[in-house]
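Student: Input: one structure, supplied below.
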Amino acid sequence: MKKAFYAHLFVLALPVLLATFPAFAQRATVSGHVKDAATGEDLIGAGIAVRATGQGTATNAYGFYSLTLPADSVTLVISYLGYTDEIKAVRLNKNLVLDVALVSQSRQLREVVVSANSLREKINATQMSVEQITTREAKLIPAIFGEVDILKVLQLKPGIKSGGEGTSGLYVRGGGPDQNLVVLDEAVVYNANHLFGFFSVFNSDAVKGVDLYKGDFPAQFGGRLSSVVDVKLRDGNAKKFAGSGGLGLISSRLTLEGPLVKDKSSFMVAGRRTYFDLFTRQYNRANANKEDFNPIPNYHFYDLNAKVNYRLGERDRLYASGYFGRDVFEFNQDRFKVNFDWGNTTATLRWNHVFGPRLFANTSLILSDYQYNIRNRLDVFSFSLGSRITDYTAKVDFDYLPNNRHTLKFGAQYTHHRFGIGRFRFASDDGRLDIKQGQDLQGTEVGAYLNDDVNLSGRLRLNAGLRLSGFVNEGKTFGGVEPRLAARYKLTENTSLKASAARMYQYVHLVANSGASLPTDVWYPSNRVVDPQRSDQVAGGVSFLLFDGKFLLTNEGYYKWMRRQIDFRDGANLFVNDNLDAEFVFGRGWSYGNELYFEKKEGRTTGWVGYTLSWTYRQFADISGGEPFFPRYDRRHDASVVVMHELSKRISLSATWVYNTGNAYSLPAGRFTLQDVNGVPFRVIPVYPDQRNTERLAPYSRLDLGLVWRFKPRWGESDLTFSVYNAYNRRNAFFVFFDEVRNDEDTVITEFQLKQVSLFPIIGTLTYNFKF
């Protein structure tokens with residue numbers, strides 16, 4: 001009797017138990033990939049949601065998703081910004097593989113695009129302090145010399161500063177340019193610049209998108225203090241052969257892509273080259289016979305991106321991608337010759353494997369290399385100087401989705417560094433003179449991580465991670481524990497509070513003279529003298545969706561502590577020095593500020609407004625008398641406005657305006673003069689005060705304008721892109737110097753005048769772009 005009673009009670013209570021504890025209910029997982037219907041490209045961050053409840057997920061970096069639901073008939077909405085939503089009715093009585101192809105809407109049909117609202121995704125996500133740029137946006141923004149540059153577009157975001165007029169260096173939340181981890185398809189790019197920093201190495205036609213993390217760093221990233229710049233190459237069109245390119249003021253580019261096996265394998269090859277040297281060579285030849293003619297040095301840069309992918313089956317896919325780029329500077333005159341080249345090489349081999357509907361893995365083998373070489377020749381003597389860093393990396397990453405509350409990521413990484421530092425040689429042709437110097441060093445860096453993005457309730461979501469890192473060099477072992485924590489709390493459907501904390505370690509350091517304009521970067525490992533750098537950053541903010549979700553307003557505050565910062569003693573010798581340890585000084589830094597951001601992503605008019613108020617300090621016992629000082633890139637105010645407008649189906653307009661406080665610099669407090677035996681001065685030596693960077697350049701301000709005029713030829717698409725850089729022709733200071741003022745007889749220096757050097761006046765450019 002009792003058994004029957006309890007059996008009936010259990011049957012009656014079962015529906016309540018299943019509703020209360022959904023894990024007890026029968027569940028099934030729908031998983032697959034989301035792609036572009038026209039090209040077969042994976043769509044990163046596409047949303048997959050149940051239409052009735054809004055419960056959903058997003059695709060990972062390879063377009064893979066997994067969603068576990070109660071076994072039932074459901075309607076899924078698959079969406080991505082700029083694409084038409086796809087609605088799929090499925091019956092989940094068992095695990096299901098569902099691949100989806102989304103149709104891209106042309107920019108002329110923006111009104112057709114419906115609910116793919118990336119702004120709402122930003123409100124819902126736990127992640128904060130991240131900036132995302134697509135090549136579609138980058139190509140609409142005015143660019144100097146017409147060269148689209150994704151790193152310069154990132155400089156228009158709050159918290160990210162440029163190094164100076166026209167340069168593509170990044171200074172993120174008080175960090176230096178060497179404290180940014182720049183990766184291209186997972187391979188580290190050690191010098192991301194062409195033309196001494198005026199252009200980046202990234203060809204916009206080859207890039208799928210860019211994510212920059214300035215805080216709240218995902219646990220899979222480590223090795224730098226201030227930011228992570230994650231650049232992903234396009235896979236190539238898997239449907240049909242296609243091409244694109246452009247003819248600009250200083251360079252041309254061409255991209256070819258297509259299927260090797262339709263819908264199974266594709267390739268992409270993109271090349272770019274400048275043609276400064278073609279003009280300078282002709283000019284030098286035309287004037288070679290003129291007396292006292294000084295030839296112009298030849299300079300050019302080029303880069304090549306390539307990628308191939310192959311689908312082995314339903315569960316496996318291979319990717320192979322690479323980059324090769326060089327800058328080449330040449331000067332030949334009579335018996336004196338100078339050759340200077342530098343650049344990056346990367347190669348990445350990746351294997352994706354789907355173990356099941358909830359477990360995804362990626363295994364990578366990676367090569368990264370950066371080197372520079374200077375070769376001079378004078379008559380029978382030759383001189384060479386170079387440096388190099390080469391990395392060999394193996395890594396594995398897993399995505400595991402046990403249920404819809406947890407998204408687990410875990411993995412490990414091994415990197416072997418090889419350093420060739422200050423490799424110097426001076427020799428004569430007859431072999432009587434042959435002097436060599438330099439260092440060959442090695443180091444091993446390892447890391448392992450675990451991260452869980454957990455949805456605790458409809459309002460509260462946490463992202464908790466831990467990274468363990470280590471470095472071994474010269475018998476010395478360093479270790480680091482790097483906790484990462486972020487939280488999001490939804491006050492309303494349109495308002496979120498966010499907070500994060502992260503610790504980062506950096507085991508390799510950049511040795512560079514800040515006064516040098518050449519890319520003679522030397523990367524140097526941690527050792528018995530040089531400890532790893534460390535940073536701790538906390539941030540908090542609030543985000544609002546306004547006007548029916550069409551606008552996003554965010555406000556973030558941050559504070560960052562930096563330990564074991566590295567600088568150089570006064571008069572440091574950075575070249576041909578086998579004892580660089582003796583040139584370093586060590587100290588600390590800190591930075592804090594507030595970032596305000598207002599953005600509109602959809603409609604005929606899009607863009608953003610950003611403003612940063614910040615302070616950055618450095619302190620070294622051997623610099624500025626041990627007192628804190630502002631580094632050169634400290635700027636109190638930094639503002640930007642970006643507007644893009646679809647005037648018609650054929651014409652788009654754009655404008656950017658930037659304003660920032662001038663860079664800090666040091667001004668001599670006095671000078672003394674060296675004289676020869678006749679009392680004639682032959683050298684003036686400035687004397688600098690003990691305190692560093694007490695002066696400021698004038699504030700920087702610039703307006704850029706752009707216009708894209710599209711055409712529809714029979715063979716494809718084309719456009720003319722007009723851009724005006726520095727439209728109101730403001731002469732912004734690049735640097736200042738003291739100029740001598742002499743008496744009428746030009747024999748005596750009477751005074752010194754402070755003068756300003758500006759780089760770029762108003763510059764108009766025209767670029768022709770095409771697709772077929």
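Chain labels run A, B, ... following the order of the structure tokens; each chain numbers its residues from 1, and ligands are numbered from 1 in the order shown.
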Mind checking which residues fall within 12 Å of A:Asp303, counting only C-alpha atoms, ignoring those fewer than 3 positions away in the same chain, and posting them as JSON, numbers by chain?
Tutor: {"A": [192, 193, 194, 199, 200, 201, 202, 203, 204, 206, 251, 252, 253, 254, 255, 269, 270, 271, 272, 273, 274, 300, 306, 322, 323, 324, 325, 326, 327, 328, 342, 343, 344, 345, 346]}
Student: With a cut-off of 8 Å, could you pull out the residues of stretch 600-691 of chain A touching stretch 173-184 of chain A and give me the nearest pair of atoms for each, distance in Å to one decimal, using only C-alpha atoms, ordered by chain and ascending number, as CSV?
Tutor:
```
residue,atom,partner,partner_atom,distance
A:Trp615,CA,A:Gly174,CA,7.7
A:Thr616,CA,A:Gly174,CA,5.4
A:Tyr617,CA,A:Gly174,CA,8.0
A:Tyr633,CA,A:Gly174,CA,7.9
A:Asp634,CA,A:Gly174,CA,7.1
```
Student: Between A:Pro357, A:Gly447, A:Gly47, A:Gly626, which has the minimum distance to A:Ser31 (counting only C-alpha atoms)?
Tutor: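 When distances to A:Ser31 are compared using only C-alpha atoms, the smallest one comes from A:Pro357.
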Student: Go through A:Arg405, A:Phe586, A:Gln442, A:Ile685 and flag the residue nearest A:Asn455, using only C-alpha atoms for the distances.
Tutor: A:Arg405
Student: Record the distance separating atom CA of A:Gly470 and atom CA of A:Glu445, expressed in Å with one decimal.
Tutor: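 Separation between atom CA of A:Gly470 and atom CA of A:Glu445: 5.7 Å.
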Student: Using atom CA of A:Val529 and atom CA of A:Phe620 as the two end points, give the distance in Å to one decimal.
Tutor: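 Those two atoms sit 16.1 Å apart.
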Student: Neighbours of A:Gly587 within 7 Å (only C-alpha atoms; same-chain residues fewer than 3 positions away dropped), as a CSV table (one decimal) with N, CA and C atoms, in the first residue's frame?
Tutor:
```csv
chain,number,residue,atom,x,y,z
A,563,ARG,N,54.2,46.9,-12.5
A,563,ARG,CA,55.4,46.6,-11.7
A,563,ARG,C,56.6,46.2,-12.6
A,564,ARG,N,57.8,46.4,-12.1
A,564,ARG,CA,59.0,46.0,-12.8
A,564,ARG,C,59.1,46.6,-14.2
A,565,GLN,N,58.7,47.8,-14.4
A,565,GLN,CA,58.8,48.5,-15.6
A,565,GLN,C,60.3,48.7,-16.0
A,566,ILE,N,60.6,48.8,-17.3
A,566,ILE,CA,62.0,48.8,-17.8
A,566,ILE,C,62.2,50.1,-18.6
A,619,GLN,N,57.8,55.9,-12.5
A,619,GLN,CA,58.7,56.2,-11.4
A,619,GLN,C,59.9,55.3,-11.4
A,620,PHE,N,61.1,55.8,-11.5
A,620,PHE,CA,62.4,55.1,-11.5
A,620,PHE,C,63.3,55.8,-10.5
A,621,ALA,N,64.0,55.0,-9.7
A,621,ALA,CA,64.9,55.6,-8.7
A,621,ALA,C,66.1,56.4,-9.4
```
Student: So that I can check the surroundings of A:Ser535, please list as an MDAnalysis selection string every protein, DNA and RNA residue that reaches within 12 Å of it, counting only C-alpha atoms and ignoring chain neighbours fewer than 2 positions away.
Tutor: chainID A and resid 173:175 179 215 217 222:227 480:483 501:506 532:533 537:538 559:565 588:591
Student: Residues of the last selection are to be written out with N, CA and C atoms, as a tab-separated table (two decimals), in the first residue's frame.
Tutor:
```
chain	number	residue	atom	x	y	z
A	173	ARG	N	45.68	52.44	-22.43
A	173	ARG	CA	45.49	52.63	-21.00
A	173	ARG	C	46.81	52.75	-20.24
A	174	GLY	N	47.68	53.62	-20.75
A	174	GLY	CA	48.92	53.93	-20.06
A	174	GLY	C	50.07	53.00	-20.35
A	175	GLY	N	49.86	51.99	-21.19
A	175	GLY	CA	50.93	51.05	-21.52
A	175	GLY	C	51.74	51.52	-22.72
A	179	GLN	N	53.94	46.64	-25.01
A	179	GLN	CA	53.09	45.91	-24.08
A	179	GLN	C	51.77	45.47	-24.71
A	215	GLY	N	41.34	45.54	-21.51
A	215	GLY	CA	41.14	45.11	-20.14
A	215	GLY	C	40.27	43.87	-20.19
A	217	PHE	N	40.95	40.72	-19.93
A	217	PHE	CA	41.59	39.88	-20.93
A	217	PHE	C	41.10	38.44	-20.83
A	222	GLY	N	48.04	35.80	-22.98
A	222	GLY	CA	49.01	36.20	-21.97
A	222	GLY	C	50.28	36.67	-22.64
A	223	GLY	N	51.23	37.16	-21.82
A	223	GLY	CA	52.52	37.54	-22.35
A	223	GLY	C	52.72	39.02	-22.57
A	224	ARG	N	51.67	39.84	-22.44
A	224	ARG	CA	51.80	41.30	-22.54
A	224	ARG	C	50.93	41.94	-21.46
A	225	LEU	N	51.24	43.22	-21.16
A	225	LEU	CA	50.59	43.87	-20.02
A	225	LEU	C	49.33	44.65	-20.37
A	226	SER	N	49.29	45.28	-21.56
A	226	SER	CA	48.31	46.35	-21.76
A	226	SER	C	47.16	46.01	-22.68
A	227	SER	N	47.38	45.23	-23.72
A	227	SER	CA	46.28	44.95	-24.64
A	227	SER	C	46.57	43.70	-25.44
A	480	GLY	N	54.01	32.65	-12.92
A	480	GLY	CA	52.99	33.66	-12.67
A	480	GLY	C	51.61	33.05	-12.57
A	481	VAL	N	50.86	33.52	-11.60
A	481	VAL	CA	49.45	33.15	-11.46
A	481	VAL	C	48.63	34.36	-11.87
A	482	GLU	N	47.81	34.19	-12.91
A	482	GLU	CA	47.10	35.32	-13.51
A	482	GLU	C	45.59	35.11	-13.42
A	483	PRO	N	44.96	35.59	-12.34
A	483	PRO	CA	43.50	35.45	-12.24
A	483	PRO	C	42.79	36.47	-13.14
A	501	ALA	N	38.56	42.40	-13.33
A	501	ALA	CA	39.90	42.48	-12.77
A	501	ALA	C	40.77	41.46	-13.49
A	502	ALA	N	42.02	41.85	-13.77
A	502	ALA	CA	42.91	40.95	-14.51
A	502	ALA	C	44.36	41.22	-14.13
A	503	ARG	N	45.15	40.15	-14.09
A	503	ARG	CA	46.59	40.25	-13.89
A	503	ARG	C	47.29	39.66	-15.12
A	504	MET	N	48.36	40.35	-15.57
A	504	MET	CA	49.11	39.90	-16.74
A	504	MET	C	50.61	39.93	-16.42
A	505	TYR	N	51.36	38.97	-17.01
A	505	TYR	CA	52.82	38.94	-16.92
A	505	TYR	C	53.41	39.09	-18.32
A	506	GLN	N	54.59	39.73	-18.39
A	506	GLN	CA	55.30	39.87	-19.65
A	506	GLN	C	56.75	39.42	-19.45
A	532	PRO	N	60.38	39.57	-14.94
A	532	PRO	CA	59.19	39.78	-15.77
A	532	PRO	C	58.41	41.02	-15.30
A	533	GLN	N	57.81	41.71	-16.26
A	533	GLN	CA	56.91	42.81	-15.91
A	533	GLN	C	55.56	42.23	-15.48
A	537	GLN	N	44.95	45.22	-13.32
A	537	GLN	CA	43.99	46.23	-13.77
A	537	GLN	C	42.60	45.89	-13.26
A	538	VAL	N	41.91	46.91	-12.74
A	538	VAL	CA	40.50	46.78	-12.37
A	538	VAL	C	39.71	47.81	-13.17
A	559	TYR	N	41.74	51.49	-13.36
A	559	TYR	CA	43.00	51.79	-12.65
A	559	TYR	C	43.94	50.63	-12.92
A	560	LYS	N	45.17	50.95	-13.33
A	560	LYS	CA	46.13	49.92	-13.67
A	560	LYS	C	47.45	50.18	-12.95
A	561	TRP	N	47.97	49.13	-12.27
A	561	TRP	CA	49.27	49.17	-11.62
A	561	TRP	C	50.25	48.36	-12.46
A	562	MET	N	51.44	48.90	-12.71
A	562	MET	CA	52.45	48.20	-13.49
A	562	MET	C	53.73	48.09	-12.67
A	563	ARG	N	54.21	46.88	-12.49
A	563	ARG	CA	55.40	46.63	-11.69
A	563	ARG	C	56.56	46.19	-12.60
A	564	ARG	N	57.80	46.43	-12.11
A	564	ARG	CA	59.03	46.01	-12.81
A	564	ARG	C	59.10	46.59	-14.22
A	565	GLN	N	58.72	47.85	-14.36
A	565	GLN	CA	58.83	48.53	-15.65
A	565	GLN	C	60.30	48.75	-16.00
A	588	ARG	N	58.35	51.46	-11.61
A	588	ARG	CA	56.94	51.11	-11.61
A	588	ARG	C	56.15	52.16	-12.37
A	589	GLY	N	54.91	51.84	-12.66
A	589	GLY	CA	54.03	52.78	-13.33
A	589	GLY	C	52.60	52.58	-12.89
A	590	TRP	N	51.79	53.56	-13.15
A	590	TRP	CA	50.36	53.43	-12.88
A	590	TRP	C	49.59	54.38	-13.79
A	591	SER	N	48.35	54.00	-14.04
A	591	SER	CA	47.50	54.78	-14.94
A	591	SER	C	46.06	54.63	-14.50
```
Student: If you run DSSP over the backbone, which residues in stretch 489-715 of chain A end up strand (DSSP E or B)? Put them as a PyMOL selection string.
Tutor: chain A and resi 489-492+495-506+508-511+522-525+533-546+551-568+584-600+605-620+629+637-646+651-660+664-665+670-675+681-687+695-696+700-711
Student: Fewer than 2 positions away in the same chain doesn't count, so skip those; otherwise give me all residues within 7 Å of stretch 413-426 of chain A, counting only C-alpha atoms, as a PyMOL selection string.
Tutor: chain A and resi 382-396+434-448+522+575-577
Student: With N, CA, C and O atoms retained, write the just-selected residues as a compact mmCIF listing (two decimals), in the first residue's frame.
Tutor:
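Output saved as result36.txt:
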```
# COMPACT_ATOMS: atom_id res chain seq x y z
N SER A 382 83.22 46.51 -45.17
CA SER A 382 81.79 46.23 -45.02
C SER A 382 81.43 46.20 -43.54
O SER A 382 82.23 45.80 -42.69
N PHE A 383 80.20 46.60 -43.27
CA PHE A 383 79.69 46.68 -41.90
C PHE A 383 78.27 46.12 -41.90
O PHE A 383 77.47 46.42 -42.79
N SER A 384 77.93 45.32 -40.91
CA SER A 384 76.56 44.80 -40.80
C SER A 384 76.14 44.78 -39.34
O SER A 384 76.96 44.57 -38.44
N LEU A 385 74.85 45.01 -39.13
CA LEU A 385 74.26 45.00 -37.79
C LEU A 385 72.85 44.45 -37.93
O LEU A 385 72.10 44.84 -38.83
N GLY A 386 72.49 43.54 -37.05
CA GLY A 386 71.15 42.95 -37.13
C GLY A 386 70.68 42.40 -35.81
O GLY A 386 71.45 42.27 -34.85
N SER A 387 69.39 42.09 -35.78
CA SER A 387 68.80 41.48 -34.60
C SER A 387 67.61 40.65 -35.06
O SER A 387 67.03 40.91 -36.13
N ARG A 388 67.23 39.68 -34.24
CA ARG A 388 66.18 38.76 -34.66
C ARG A 388 65.53 38.11 -33.45
O ARG A 388 66.19 37.86 -32.44
N ILE A 389 64.24 37.83 -33.55
CA ILE A 389 63.55 36.98 -32.59
C ILE A 389 62.68 36.00 -33.38
O ILE A 389 61.98 36.38 -34.31
N THR A 390 62.78 34.72 -33.02
CA THR A 390 62.01 33.66 -33.68
C THR A 390 61.31 32.83 -32.61
O THR A 390 61.94 32.43 -31.62
N ASP A 391 60.02 32.59 -32.82
CA ASP A 391 59.22 31.78 -31.89
C ASP A 391 58.71 30.53 -32.60
O ASP A 391 58.25 30.59 -33.74
N TYR A 392 58.77 29.40 -31.87
CA TYR A 392 58.14 28.16 -32.30
C TYR A 392 57.11 27.80 -31.24
O TYR A 392 57.46 27.58 -30.08
N THR A 393 55.84 27.74 -31.64
CA THR A 393 54.75 27.59 -30.67
C THR A 393 53.86 26.42 -31.02
O THR A 393 53.54 26.18 -32.19
N ALA A 394 53.44 25.69 -29.99
CA ALA A 394 52.40 24.65 -30.10
C ALA A 394 51.34 24.96 -29.05
O ALA A 394 51.68 25.27 -27.90
N LYS A 395 50.08 24.90 -29.46
CA LYS A 395 49.01 25.20 -28.51
C LYS A 395 47.76 24.40 -28.84
O LYS A 395 47.56 23.99 -29.99
N VAL A 396 46.95 24.18 -27.83
CA VAL A 396 45.68 23.51 -28.01
C VAL A 396 44.63 24.23 -27.17
O VAL A 396 44.91 24.66 -26.04
N ASP A 434 88.37 41.34 -39.48
CA ASP A 434 87.09 40.65 -39.35
C ASP A 434 86.70 40.63 -37.87
O ASP A 434 87.19 39.81 -37.08
N ILE A 435 85.86 41.57 -37.48
CA ILE A 435 85.43 41.72 -36.09
C ILE A 435 83.96 41.32 -35.99
O ILE A 435 83.12 41.81 -36.74
N LYS A 436 83.65 40.44 -35.04
CA LYS A 436 82.28 39.97 -34.84
C LYS A 436 81.87 40.15 -33.39
O LYS A 436 82.70 40.05 -32.49
N GLN A 437 80.57 40.40 -33.20
CA GLN A 437 80.04 40.53 -31.84
C GLN A 437 78.55 40.26 -31.88
O GLN A 437 77.89 40.42 -32.90
N GLY A 438 77.99 39.84 -30.76
CA GLY A 438 76.55 39.58 -30.69
C GLY A 438 76.24 38.48 -29.70
O GLY A 438 77.14 37.77 -29.21
N GLN A 439 74.97 38.32 -29.41
CA GLN A 439 74.52 37.30 -28.46
C GLN A 439 73.44 36.44 -29.09
O GLN A 439 72.57 36.95 -29.82
N ASP A 440 73.47 35.16 -28.79
CA ASP A 440 72.39 34.24 -29.15
C ASP A 440 71.81 33.69 -27.85
O ASP A 440 72.51 32.99 -27.10
N LEU A 441 70.55 34.01 -27.58
CA LEU A 441 69.89 33.60 -26.34
C LEU A 441 68.67 32.77 -26.66
O LEU A 441 68.13 32.81 -27.78
N GLN A 442 68.20 32.01 -25.67
CA GLN A 442 66.99 31.21 -25.83
C GLN A 442 66.16 31.31 -24.57
O GLN A 442 66.66 31.62 -23.49
N GLY A 443 64.89 31.05 -24.71
CA GLY A 443 63.99 31.03 -23.57
C GLY A 443 62.76 30.22 -23.89
O GLY A 443 62.37 30.09 -25.07
N THR A 444 62.14 29.66 -22.88
CA THR A 444 60.93 28.85 -23.07
C THR A 444 59.81 29.44 -22.23
O THR A 444 59.97 29.70 -21.04
N GLU A 445 58.68 29.66 -22.88
CA GLU A 445 57.50 30.23 -22.22
C GLU A 445 56.35 29.24 -22.32
O GLU A 445 56.09 28.67 -23.39
N VAL A 446 55.66 29.01 -21.20
CA VAL A 446 54.55 28.06 -21.17
C VAL A 446 53.34 28.73 -20.52
O VAL A 446 53.48 29.70 -19.76
N GLY A 447 52.17 28.20 -20.82
CA GLY A 447 50.95 28.71 -20.20
C GLY A 447 49.84 27.68 -20.28
O GLY A 447 49.77 26.87 -21.21
N ALA A 448 48.96 27.71 -19.28
CA ALA A 448 47.77 26.87 -19.26
C ALA A 448 46.65 27.68 -18.63
O ALA A 448 46.88 28.51 -17.75
N VAL A 522 64.91 45.51 -30.51
CA VAL A 522 65.58 44.33 -29.98
C VAL A 522 64.71 43.78 -28.85
O VAL A 522 64.45 44.46 -27.87
N PHE A 575 73.36 49.35 -28.84
CA PHE A 575 73.82 48.62 -30.02
C PHE A 575 75.24 48.11 -29.79
O PHE A 575 76.05 48.75 -29.14
N VAL A 576 75.53 46.96 -30.37
CA VAL A 576 76.85 46.32 -30.25
C VAL A 576 77.25 46.25 -28.77
O VAL A 576 78.31 46.72 -28.36
N ASN A 577 76.37 45.70 -27.98
CA ASN A 577 76.58 45.64 -26.54
C ASN A 577 76.19 44.24 -26.06
O ASN A 577 75.01 43.87 -26.11
```
Student: With distances taken over only C-alpha atoms, which of A:Val172, A:Leu401, A:Ala37, A:Val542 is nearest to A:Lys239?
Tutor: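 Among the listed residues, the smallest separation from A:Lys239 belongs to A:Ala37.
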Student: Pick the closest to A:Pro297 from A:Met268, A:Val338, A:Leu151, A:Ala698: which is it, counting only C-alpha atoms?
Tutor: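 Using only C-alpha atoms, the shortest distance to A:Pro297 belongs to A:Val338.
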Student: Each residue of stretch 662-729 of chain A with at least one atom at most 9 Å from stretch 126-143 of chain A should appear once, together with its nearest atom pair and the corresponding distance in Å (one decimal); atoms considered: only C-alpha atoms; ordering: chain, then increasing residue number; output as JSON lines.
Tutor:
```
{"residue": "A:Asp704", "atom": "CA", "partner": "A:Pro142", "partner_atom": "CA", "distance": 6.0}
{"residue": "A:Leu705", "atom": "CA", "partner": "A:Pro142", "partner_atom": "CA", "distance": 5.8}
{"residue": "A:Gly706", "atom": "CA", "partner": "A:Pro142", "partner_atom": "CA", "distance": 4.9}
{"residue": "A:Leu707", "atom": "CA", "partner": "A:Leu140", "partner_atom": "CA", "distance": 8.0}
{"residue": "A:Val708", "atom": "CA", "partner": "A:Leu140", "partner_atom": "CA", "distance": 7.3}
{"residue": "A:Thr721", "atom": "CA", "partner": "A:Leu140", "partner_atom": "CA", "distance": 8.6}
{"residue": "A:Phe722", "atom": "CA", "partner": "A:Pro142", "partner_atom": "CA", "distance": 8.0}
{"residue": "A:Ser723", "atom": "CA", "partner": "A:Pro142", "partner_atom": "CA", "distance": 5.3}
{"residue": "A:Val724", "atom": "CA", "partner": "A:Pro142", "partner_atom": "CA", "distance": 7.0}
{"residue": "A:Tyr725", "atom": "CA", "partner": "A:Ala143", "partner_atom": "CA", "distance": 6.9}
```
Student: Filtering to N, CA and C atoms, could you give me those residues as a PDB file, in the first residue's frame?
Tutor:
```pdb
ATOM      1  N   ASP A 704      39.244  64.864 -40.902  1.00  0.00           N
ATOM      2  CA  ASP A 704      39.401  64.116 -42.150  1.00  0.00           C
ATOM      3  C   ASP A 704      38.026  63.921 -42.789  1.00  0.00           C
ATOM      4  N   LEU A 705      37.982  63.979 -44.107  1.00  0.00           N
ATOM      5  CA  LEU A 705      36.731  63.818 -44.846  1.00  0.00           C
ATOM      6  C   LEU A 705      36.898  62.719 -45.892  1.00  0.00           C
ATOM      7  N   GLY A 706      35.821  61.988 -46.164  1.00  0.00           N
ATOM      8  CA  GLY A 706      35.888  60.917 -47.153  1.00  0.00           C
ATOM      9  C   GLY A 706      34.607  60.800 -47.954  1.00  0.00           C
ATOM     10  N   LEU A 707      34.742  60.299 -49.177  1.00  0.00           N
ATOM     11  CA  LEU A 707      33.600  60.045 -50.050  1.00  0.00           C
ATOM     12  C   LEU A 707      33.888  58.785 -50.856  1.00  0.00           C
ATOM     13  N   VAL A 708      32.916  57.860 -50.874  1.00  0.00           N
ATOM     14  CA  VAL A 708      33.017  56.639 -51.674  1.00  0.00           C
ATOM     15  C   VAL A 708      31.934  56.690 -52.744  1.00  0.00           C
ATOM     16  N   THR A 721      37.392  56.191 -54.149  1.00  0.00           N
ATOM     17  CA  THR A 721      37.398  56.673 -52.772  1.00  0.00           C
ATOM     18  C   THR A 721      38.222  57.948 -52.693  1.00  0.00           C
ATOM     19  N   PHE A 722      37.543  59.048 -52.354  1.00  0.00           N
ATOM     20  CA  PHE A 722      38.215  60.328 -52.162  1.00  0.00           C
ATOM     21  C   PHE A 722      38.407  60.542 -50.666  1.00  0.00           C
ATOM     22  N   SER A 723      39.560  61.010 -50.277  1.00  0.00           N
ATOM     23  CA  SER A 723      39.775  61.337 -48.868  1.00  0.00           C
ATOM     24  C   SER A 723      40.607  62.599 -48.745  1.00  0.00           C
ATOM     25  N   VAL A 724      40.294  63.368 -47.736  1.00  0.00           N
ATOM     26  CA  VAL A 724      41.031  64.596 -47.425  1.00  0.00           C
ATOM     27  C   VAL A 724      41.527  64.468 -45.996  1.00  0.00           C
ATOM     28  N   TYR A 725      42.841  64.405 -45.828  1.00  0.00           N
ATOM     29  CA  TYR A 725      43.468  64.304 -44.516  1.00  0.00           C
ATOM     30  C   TYR A 725      43.822  65.703 -44.036  1.00  0.00           C
TER      31      TYR A 725
END
```
Student: So which one's closest to A:Arg350, A:Tyr319, A:Phe329, A:Phe198, A:Phe630? Using only C-alpha atoms, please.
Tutor: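 Of A:Tyr319, A:Phe329, A:Phe198, A:Phe630, the one nearest A:Arg350, counting only C-alpha atoms, is A:Tyr319.
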Student: From the list A:Glu121, A:Ala288, A:Phe64, A:Phe478, which residue is nearest A:Asn352 when using only C-alpha atoms?
Tutor: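 That would be A:Phe64, the residue with the smallest distance to A:Asn352.
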Student: For A:Glu493, find every residue with an atom within 9 Å (counting only C-alpha atoms), except residues of its own chain fewer than 3 positions away, and show them as a tab-separated table (two decimals) with all heavy atoms, in the first residue's frame.
Tutor:
```
chain	number	residue	atom	x	y	z
A	123	ILE	N	25.46	44.64	-24.55
A	123	ILE	CA	24.79	44.81	-23.26
A	123	ILE	C	24.73	43.47	-22.52
A	123	ILE	O	24.96	43.39	-21.31
A	123	ILE	CB	23.38	45.38	-23.46
A	123	ILE	CG1	23.44	46.87	-23.80
A	123	ILE	CG2	22.51	45.17	-22.23
A	123	ILE	CD1	23.69	47.77	-22.63
A	124	ASN	N	24.42	42.40	-23.25
A	124	ASN	CA	24.21	41.10	-22.61
A	124	ASN	C	25.52	40.39	-22.27
A	124	ASN	O	25.55	39.56	-21.37
A	124	ASN	CB	23.38	40.20	-23.53
A	124	ASN	CG	21.96	40.72	-23.70
A	124	ASN	OD1	21.43	41.41	-22.83
A	124	ASN	ND2	21.34	40.41	-24.84
A	490	LYS	N	22.42	42.89	-15.03
A	490	LYS	CA	21.44	43.65	-15.81
A	490	LYS	C	20.43	44.30	-14.88
A	490	LYS	O	19.64	43.61	-14.22
A	490	LYS	CB	20.74	42.73	-16.81
A	490	LYS	CG	21.64	42.21	-17.93
A	490	LYS	CD	20.86	41.44	-18.97
A	490	LYS	CE	19.96	42.37	-19.78
A	490	LYS	NZ	19.32	41.67	-20.91
A	496	SER	N	23.11	47.66	-18.18
A	496	SER	CA	23.97	46.65	-17.55
A	496	SER	C	25.08	47.32	-16.77
A	496	SER	O	25.65	48.34	-17.21
A	496	SER	CB	24.60	45.73	-18.60
A	496	SER	OG	23.65	44.87	-19.16
A	545	LEU	N	21.35	50.92	-23.53
A	545	LEU	CA	20.78	50.94	-24.87
A	545	LEU	C	19.72	52.02	-24.90
A	545	LEU	O	18.82	52.04	-24.06
A	545	LEU	CB	20.17	49.59	-25.22
A	545	LEU	CG	21.09	48.51	-25.78
A	545	LEU	CD1	20.30	47.25	-26.10
A	545	LEU	CD2	21.81	49.00	-27.02
```
